[in-house]
file my_file-v2.pdb (PDB, C-alpha atoms, pLDDT in the B column)
ATOM      1  CA  MET A   1      24.803  15.288  15.365  1.00 39.00           C
ATOM      2  CA  TRP A   2      24.737  11.874  13.668  1.00 45.00           C
ATOM      3  CA  PRO A   3      27.060  11.251  10.708  1.00 49.00           C
ATOM      4  CA  PHE A   4      23.961  10.295   8.710  1.00 49.00           C
ATOM      5  CA  ASN A   5      22.518  13.763   9.222  1.00 52.00           C
ATOM      6  CA  LYS A   6      25.762  15.444   8.176  1.00 53.00           C
ATOM      7  CA  LYS A   7      25.828  13.337   5.036  1.00 54.00           C
ATOM      8  CA  ARG A   8      22.194  14.165   4.215  1.00 55.00           C
ATOM      9  CA  GLU A   9      22.861  17.858   4.846  1.00 51.00           C
ATOM     10  CA  LYS A  10      25.804  17.776   2.440  1.00 50.00           C
ATOM     11  CA  GLN A  11      23.723  15.963  -0.196  1.00 54.00           C
ATOM     12  CA  ALA A  12      20.875  18.436   0.203  1.00 52.00           C
ATOM     13  CA  THR A  13      23.226  21.388  -0.177  1.00 45.00           C
ATOM     14  CA  HIS A  14      24.731  19.801  -3.302  1.00 47.00           C
ATOM     15  CA  ILE A  15      21.279  19.245  -4.800  1.00 52.00           C
ATOM     16  CA  VAL A  16      20.135  22.798  -4.068  1.00 48.00           C
ATOM     17  CA  GLU A  17      23.309  24.238  -5.608  1.00 45.00           C
ATOM     18  CA  LYS A  18      22.883  22.008  -8.630  1.00 50.00           C
ATOM     19  CA  LEU A  19      19.254  23.004  -9.045  1.00 48.00           C
ATOM     20  CA  ALA A  20      20.152  26.674  -8.924  1.00 45.00           C
ATOM     21  CA  GLY A  21      22.058  26.109 -12.151  1.00 47.00           C
ATOM     22  CA  ALA A  22      19.497  23.761 -13.691  1.00 49.00           C
ATOM     23  CA  SER A  23      17.329  24.734 -16.607  1.00 58.00           C
ATOM     24  CA  SER A  24      14.048  26.530 -16.150  1.00 84.00           C
ATOM     25  CA  PHE A  25      11.974  23.372 -16.616  1.00 94.00           C
ATOM     26  CA  ASN A  26       8.435  23.707 -15.301  1.00 95.00           C
ATOM     27  CA  LYS A  27       6.690  20.405 -14.635  1.00 95.00           C
ATOM     28  CA  THR A  28       3.341  21.920 -15.590  1.00 96.00           C
ATOM     29  CA  ASP A  29       4.724  22.109 -19.150  1.00 97.00           C
ATOM     30  CA  PHE A  30       5.415  18.357 -19.176  1.00 97.00           C
ATOM     31  CA  VAL A  31       3.205  16.552 -21.706  1.00 97.00           C
ATOM     32  CA  GLN A  32       3.080  12.819 -21.036  1.00 97.00           C
ATOM     33  CA  GLU A  33       3.300  10.578 -24.101  1.00 97.00           C
ATOM     34  CA  TRP A  34       3.832   7.149 -22.540  1.00 97.00           C
ATOM     35  CA  ILE A  35       3.917   5.627 -19.068  1.00 97.00           C
ATOM     36  CA  ASN A  36       5.459   2.441 -17.688  1.00 97.00           C
ATOM     37  CA  GLN A  37       3.555   1.756 -14.479  1.00 95.00           C
ATOM     38  CA  ASP A  38       5.575  -1.375 -13.678  1.00 95.00           C
ATOM     39  CA  GLU A  39       8.923   0.448 -13.779  1.00 96.00           C
ATOM     40  CA  TYR A  40       7.675   3.787 -12.345  1.00 97.00           C
ATOM     41  CA  TYR A  41       8.526   6.269 -15.078  1.00 98.00           C
ATOM     42  CA  ARG A  42       6.850   8.419 -17.713  1.00 98.00           C
ATOM     43  CA  ILE A  43       8.177   9.912 -20.915  1.00 98.00           C
ATOM     44  CA  GLY A  44       7.008  12.966 -22.775  1.00 98.00           C
ATOM     45  CA  TYR A  45       8.193  16.404 -23.728  1.00 97.00           C
ATOM     46  CA  ASP A  46       8.359  19.962 -22.490  1.00 97.00           C
ATOM     47  CA  LYS A  47       5.673  21.811 -24.446  1.00 96.00           C
ATOM     48  CA  THR A  48       7.670  25.038 -24.240  1.00 94.00           C
ATOM     49  CA  SER A  49      11.089  23.840 -25.395  1.00 95.00           C
ATOM     50  CA  LYS A  50       9.959  20.599 -27.152  1.00 95.00           C
ATOM     51  CA  GLN A  51      12.787  18.809 -25.290  1.00 96.00           C
ATOM     52  CA  LYS A  52      12.143  15.100 -24.672  1.00 98.00           C
ATOM     53  CA  VAL A  53      11.805  14.340 -20.947  1.00 98.00           C
ATOM     54  CA  ILE A  54      11.714  11.276 -18.708  1.00 98.00           C
ATOM     55  CA  ALA A  55      10.092  11.572 -15.279  1.00 98.00           C
ATOM     56  CA  VAL A  56      11.334   8.870 -12.909  1.00 98.00           C
ATOM     57  CA  THR A  57       9.272   8.177  -9.795  1.00 97.00           C
ATOM     58  CA  ILE A  58      11.294   7.368  -6.694  1.00 95.00           C
ATOM     59  CA  THR A  59       9.407   5.102  -4.305  1.00 92.00           C
ATOM     60  CA  TRP A  60      11.106   5.831  -1.021  1.00 84.00           C
ATOM     61  CA  ILE A  61       9.583   6.931   2.308  1.00 85.00           C
ATOM     62  CA  CYS A  62       7.658   9.513   0.316  1.00 89.00           C
ATOM     63  CA  TRP A  63       7.191   9.168  -3.428  1.00 93.00           C
ATOM     64  CA  TYR A  64       8.679  11.913  -5.583  1.00 95.00           C
ATOM     65  CA  GLU A  65       9.756  12.519  -9.159  1.00 96.00           C
ATOM     66  CA  ILE A  66      12.951  13.517 -10.861  1.00 97.00           C
ATOM     67  CA  TYR A  67      12.847  14.903 -14.399  1.00 98.00           C
ATOM     68  CA  PHE A  68      15.684  14.379 -16.887  1.00 98.00           C
ATOM     69  CA  ASN A  69      16.412  15.300 -20.504  1.00 97.00           C
ATOM     70  CA  MET A  70      16.281  12.492 -23.056  1.00 97.00           C
ATOM     71  CA  THR A  71      17.674  12.224 -26.544  1.00 97.00           C
ATOM     72  CA  ASN A  72      15.264  11.668 -29.429  1.00 97.00           C
ATOM     73  CA  GLU A  73      16.785   8.209 -29.899  1.00 97.00           C
ATOM     74  CA  GLU A  74      16.137   7.271 -26.261  1.00 97.00           C
ATOM     75  CA  PHE A  75      12.607   8.613 -26.514  1.00 97.00           C
ATOM     76  CA  ASP A  76      11.890   6.335 -29.492  1.00 96.00           C
ATOM     77  CA  TRP A  77      12.965   3.256 -27.512  1.00 96.00           C
ATOM     78  CA  TYR A  78       9.462   2.982 -26.042  1.00 95.00           C
ATOM     79  CA  ARG A  79       8.252   1.810 -29.454  1.00 95.00           C
ATOM     80  CA  THR A  80      10.877  -0.851 -30.148  1.00 95.00           C
ATOM     81  CA  GLN A  81      13.346  -1.289 -27.262  1.00 96.00           C
ATOM     82  CA  VAL A  82      11.443  -0.989 -23.999  1.00 96.00           C
ATOM     83  CA  GLU A  83      14.109  -3.012 -22.173  1.00 97.00           C
ATOM     84  CA  ARG A  84      16.712  -0.346 -22.959  1.00 97.00           C
ATOM     85  CA  LEU A  85      14.344   2.383 -21.773  1.00 97.00           C
ATOM     86  CA  ASN A  86      13.665   0.440 -18.561  1.00 97.00           C
ATOM     87  CA  ASP A  87      17.412   0.155 -18.001  1.00 98.00           C
ATOM     88  CA  LEU A  88      17.893   3.890 -18.520  1.00 98.00           C
ATOM     89  CA  ALA A  89      15.053   4.693 -16.097  1.00 97.00           C
ATOM     90  CA  GLN A  90      16.567   2.407 -13.452  1.00 97.00           C
ATOM     91  CA  ARG A  91      20.007   3.998 -13.847  1.00 97.00           C
ATOM     92  CA  LEU A  92      18.488   7.483 -13.566  1.00 97.00           C
ATOM     93  CA  ALA A  93      16.559   6.461 -10.443  1.00 96.00           C
ATOM     94  CA  VAL A  94      19.703   5.175  -8.757  1.00 95.00           C
ATOM     95  CA  ASP A  95      21.809   8.188  -9.771  1.00 95.00           C
ATOM     96  CA  LYS A  96      19.102  10.795  -8.956  1.00 93.00           C
ATOM     97  CA  GLY A  97      20.995  13.338 -11.033  1.00 92.00           C
ATOM     98  CA  GLN A  98      23.821  13.487  -8.499  1.00 92.00           C
ATOM     99  CA  ASN A  99      26.660  11.825 -10.387  1.00 94.00           C
ATOM    100  CA  TYR A 100      26.772  10.477 -13.920  1.00 93.00           C
ATOM    101  CA  TYR A 101      23.450  11.973 -15.053  1.00 95.00           C
ATOM    102  CA  LYS A 102      23.742  15.399 -13.407  1.00 95.00           C
ATOM    103  CA  ASP A 103      23.957  17.122 -16.810  1.00 96.00           C
ATOM    104  CA  ARG A 104      20.535  15.731 -17.715  1.00 97.00           C
ATOM    105  CA  LEU A 105      18.787  16.831 -14.522  1.00 97.00           C
ATOM    106  CA  LEU A 106      15.857  19.175 -15.093  1.00 97.00           C
ATOM    107  CA  LEU A 107      13.938  19.031 -11.803  1.00 96.00           C
ATOM    108  CA  TYR A 108      14.458  17.219  -8.515  1.00 95.00           C
ATOM    109  CA  GLU A 109      11.347  17.046  -6.324  1.00 93.00           C
ATOM    110  CA  GLY A 110      12.801  14.859  -3.603  1.00 89.00           C
ATOM    111  CA  PRO A 111      13.702  15.581  -0.022  1.00 86.00           C
ATOM    112  CA  THR A 112      16.493  18.043   0.583  1.00 75.00           C
TER     113      THR A 112
END

call {"tool": "encode", "arguments": {"input": "my_file-v2.pdb", "output": "structure tokens"}}
result
Amino acid sequence: MWPFNKKREKQATHIVEKLAGASSFNKTDFVQEWINQDEYYRIGYDKTSKQKVIAVTITWICWYEIYFNMTNEEFDWYRTQVERLNDLAQRLAVDKGQNYYKDRLLLYEGPT
């Protein structure tokens, strides 16, 4: 077996374990408020919990989304500080909820 495959298997296992403990976020409850098509993310809220949410689109071999919690302050950045919101979206896309932002992860739809 290739080392790459072992690494991917370990990452997939980590993601599945992490998702088992993730919140009960349902993407069908996501209400989109604003979209940035150039930076590949959307912001909105969970209509059940009213929690602010950012959905980051990962443009890899197959496109998929990862949903994260946002603070109310971060949510309001789309009105006045789009650059800061773009930066947050880029950091979330790189992290994929695996390291620094794992506590914010709501739903990972990527490959396992």

call {"tool": "resolve_selection", "arguments": {"input": "my_file-v2.pdb", "expression": "the PyMOL selection byres ((chain A and resi 37-43) around 7)", "output": "number ranges by chain"}}
result
A: 32-36, 44, 53-57, 86, 89

call {"tool": "residues_around", "arguments": {"input": "my_file-v2.pdb", "residues": "Lys102 (chain A)", "least_positions_apart": "5", "cutoff": "9 Å", "atoms": "only C-alpha atoms", "output": "VMD selection string"}}
result
chain A and resid 18 68 95 to 97

call {"tool": "residues_around", "arguments": {"input": "my_file-v2.pdb", "residues": "Lys47 (chain A)", "least_positions_apart": "2", "cutoff": "10 Å", "atoms": "only C-alpha atoms", "output": "ChimeraX atom specification"}}
result
/A:26-32,44-45,49-52

call {"tool": "closest_residue", "arguments": {"input": "my_file-v2.pdb", "among": "A:Glu74, A:Asn69, A:Tyr100, A:Thr112", "to": "Asp87 (chain A)", "atoms": "only C-alpha atoms"}}
result
A:Glu74

call {"tool": "atom_distance", "arguments": {"input": "my_file-v2.pdb", "atom1": "CA of Tyr67 (chain A)", "atom2": "CA of Leu106 (chain A)"}}
result
5.3 Å

call {"tool": "atom_distance", "arguments": {"input": "my_file-v2.pdb", "atom1": "CA of Tyr78 (chain A)", "atom2": "CA of Cys62 (chain A)"}}
result
27.2 Å

call {"tool": "atom_distance", "arguments": {"input": "my_file-v2.pdb", "atom1": "CA of Asp76 (chain A)", "atom2": "CA of Leu92 (chain A)"}}
result
17.3 Å

call {"tool": "closest_residue", "arguments": {"input": "my_file-v2.pdb", "among": "A:Pro111, A:Asp103, A:Thr71, A:Asp46", "to": "Leu88 (chain A)", "atoms": "all atoms listed in the file"}}
result
A:Thr71
